[in-house]
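Reviewing the structure listed below.
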Amino acid sequence: IDQINQTNQIDQSNQMNQRHAVLVTGASGGIGRAISLAFAAAGWSVGVHFHRNKVAAEDTLTQVVAAGGAGALYEADIREPHAVQQMVEAFCRQVPEPSVFICNAGIGGSHLLLRQGEEDWAAVLATNLTGTFHCLRAMAPPLLARGGGSLVVIGSHAGFHGSTGQAAYAASKAGLIGLVHTAAQEWGAGNVRVNLLLPGWQKTGLTTGIMPEDDNWNGHALGRPPSREDVAKTVVHLAQLNDVSGQVWNCDSRNL
């Protein structure tokens, strides 16, 4: 089965070639959808990546077009390097000069360390850390070839401080810190910026059952989490900063 599914794409090739273009992984819902819509509202062409939830990805694409953007669907399992490579190549054929890639795809888990099964541990690391490695390795070459661009990786506060019952998730997000810093150093000479953004607590499928209650935001100076819309707008802004790379942007009011 072809790893790249571009059916139901919005065929606006002429418009897409005239727009700034971004590929957002994990865009079928949650933070990825919000990021896609923020780029669309700014007039960008958006590549909407998904793995399994095609219906939700189609909904994201419909909203992208309604928000003023153009776009297409791209299916890939980011745990598989060849699938990621095919996705990036397909996106670059559709949009000859991509300038931004957003690595947002990831999964969660909820197990105390002593009860953490090896299979679940491996699945989280394979998606969140190794999957992001696959994406960065495929996404950097077209940016280097065009003389620069931006890569934004979505991390987590848990990667810096840990989180009870989130050993695999926290470890995978901690690994992204070193990965982003290294990529920024290696690709800086080619004018490719690589930054890590922490979106704070967001109501998504990953936080069901573990997100703090509305009145329990200890450690947050503002006593609340950031809005999803502000996080998405920050991603769009960060992606376009020409002189910032190798940095961690925290979108909530906790200290790192």
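Please note that chains go A, B, ... in the order of the structure tokens, that every chain numbers its residues from 1, and that ligands are numbered from 1 in the order shown.
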Q | Non-local contacts of Ala56 in chain A (12 Å; only C-alpha atoms; under 4 positions in same chain excluded) as number ranges by chain | A | A: 26-30, 32-33, 48-52, 60-63, 73
Restrict the selected residues to C-alpha atoms and save them as an mmCIF file, in the first residue's frame.
```cif
data_model
loop_
_atom_site.group_PDB
_atom_site.id
_atom_site.type_symbol
_atom_site.label_atom_id
_atom_site.label_comp_id
_atom_site.auth_asym_id
_atom_site.auth_seq_id
_atom_site.Cartn_x
_atom_site.Cartn_y
_atom_site.Cartn_z
ATOM 1 C CA GLY A 26 0.506 15.012 13.296
ATOM 2 C CA ALA A 27 -1.942 17.535 11.852
ATOM 3 C CA SER A 28 -5.091 15.431 12.183
ATOM 4 C CA GLY A 29 -6.068 17.035 15.466
ATOM 5 C CA GLY A 30 -5.087 18.829 18.651
ATOM 6 C CA GLY A 32 -1.172 19.984 14.927
ATOM 7 C CA ARG A 33 -4.547 21.134 13.653
ATOM 8 C CA VAL A 48 -1.463 17.992 6.469
ATOM 9 C CA HIS A 49 0.248 14.831 7.675
ATOM 10 C CA PHE A 50 -1.539 11.942 9.368
ATOM 11 C CA HIS A 51 -0.855 8.308 10.116
ATOM 12 C CA ARG A 52 -4.134 6.523 10.878
ATOM 13 C CA THR A 60 -8.190 19.657 9.201
ATOM 14 C CA LEU A 61 -7.665 20.191 5.473
ATOM 15 C CA THR A 62 -11.224 21.447 5.041
ATOM 16 C CA GLN A 63 -10.649 23.946 7.843
ATOM 17 C CA LEU A 73 -3.011 15.309 2.724
#
```
Q) Using the chain letters and numbers from this document, which residues of range 111-217 of chain A does DSSP assign to strand (DSSP E or B), as a PyMOL selection string? A) chain A and resi 111+149-154+166+192-198
Using only C-alpha atoms, what table do you get, as JSON lines, when you list each residue of range 38-136 of chain A with an atom no more than 8 Å from range 161-173 of chain A, its nearest pair of atoms, and their distance in Å rounded to one decimal, rows by chain then rising number?
```
{"residue": "A:Ile107", "atom": "CA", "partner": "A:Tyr169", "partner_atom": "CA", "distance": 7.9}
{"residue": "A:Gly108", "atom": "CA", "partner": "A:Tyr169", "partner_atom": "CA", "distance": 5.9}
{"residue": "A:Gly109", "atom": "CA", "partner": "A:Gln166", "partner_atom": "CA", "distance": 6.3}
{"residue": "A:Ser110", "atom": "CA", "partner": "A:Gly165", "partner_atom": "CA", "distance": 5.3}
{"residue": "A:His111", "atom": "CA", "partner": "A:Gly165", "partner_atom": "CA", "distance": 4.7}
{"residue": "A:Leu112", "atom": "CA", "partner": "A:Gly165", "partner_atom": "CA", "distance": 4.2}
{"residue": "A:Leu113", "atom": "CA", "partner": "A:Ala167", "partner_atom": "CA", "distance": 5.8}
{"residue": "A:Gln116", "atom": "CA", "partner": "A:Ala167", "partner_atom": "CA", "distance": 7.8}
{"residue": "A:Trp121", "atom": "CA", "partner": "A:Ala168", "partner_atom": "CA", "distance": 5.4}
{"residue": "A:Val124", "atom": "CA", "partner": "A:Ala168", "partner_atom": "CA", "distance": 6.2}
{"residue": "A:Leu125", "atom": "CA", "partner": "A:Ser172", "partner_atom": "CA", "distance": 5.3}
{"residue": "A:Asn128", "atom": "CA", "partner": "A:Ser172", "partner_atom": "CA", "distance": 5.8}
{"residue": "A:Leu129", "atom": "CA", "partner": "A:Ser172", "partner_atom": "CA", "distance": 5.2}
```
Q | Residues of range 23-228 of chain A in helix (DSSP H, G or I), written as a VMD selection string | A | chain A and resid 30 to 41 54 to 66 81 to 94 113 to 115 118 to 145 158 to 161 167 to 190 228
**Q.** Contacts of Trp249 in chain A at 9 Å (only C-alpha atoms; same-chain gap of 3+ positions) as an MDAnalysis selection string
**A.** chainID A and resid 195:199 234 238
Q: State, in Å with one decimal place, the distance from CA of Gly149 in chain A to CA of Leu136 in chain A.
A: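 Between CA of Gly149 in chain A and CA of Leu136 in chain A the gap works out to 12.3 Å.
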Q.
With distances taken over only C-alpha atoms, which residue among A:Trp44, A:Trp187, A:Phe39, A:Phe160 lies nearest Arg254 in chain A?
A.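 Among the listed residues, the smallest separation from Arg254 in chain A belongs to A:Phe160.
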Q | Among the residues A:Pro225, A:Ala72, A:Leu23, A:Val153, the one that comes closest to Leu179 in chain A [using only C-alpha atoms] | A |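 Among the listed residues, A:Val153 lies closest to Leu179 in chain A.
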Q: Can you pull out every residue within 8 Å of Val24 in chain A, counting only C-alpha atoms, but drop anything in the same chain fewer than 5 positions away, and send it as an MDAnalysis selection string?
A: chainID A and resid 32 35:36 46:49 101:104
Just to be explicit: take each residue in the selection above, keep C-alpha atoms, and write the result as a compact mmCIF listing (two decimals), in the first residue's frame.
```txt
# COMPACT_ATOMS: atom_id res chain seq x y z
CA GLY A 32 -1.17 19.98 14.93
CA ILE A 35 -0.79 25.03 13.95
CA SER A 36 -2.09 24.16 10.49
CA VAL A 46 -0.22 23.51 4.43
CA GLY A 47 0.79 19.90 4.05
CA VAL A 48 -1.46 17.99 6.47
CA HIS A 49 0.25 14.83 7.67
CA PHE A 101 8.57 21.95 8.48
CA ILE A 102 6.84 21.38 11.84
CA CYS A 103 7.60 18.14 13.70
CA ASN A 104 4.56 17.76 15.92
```
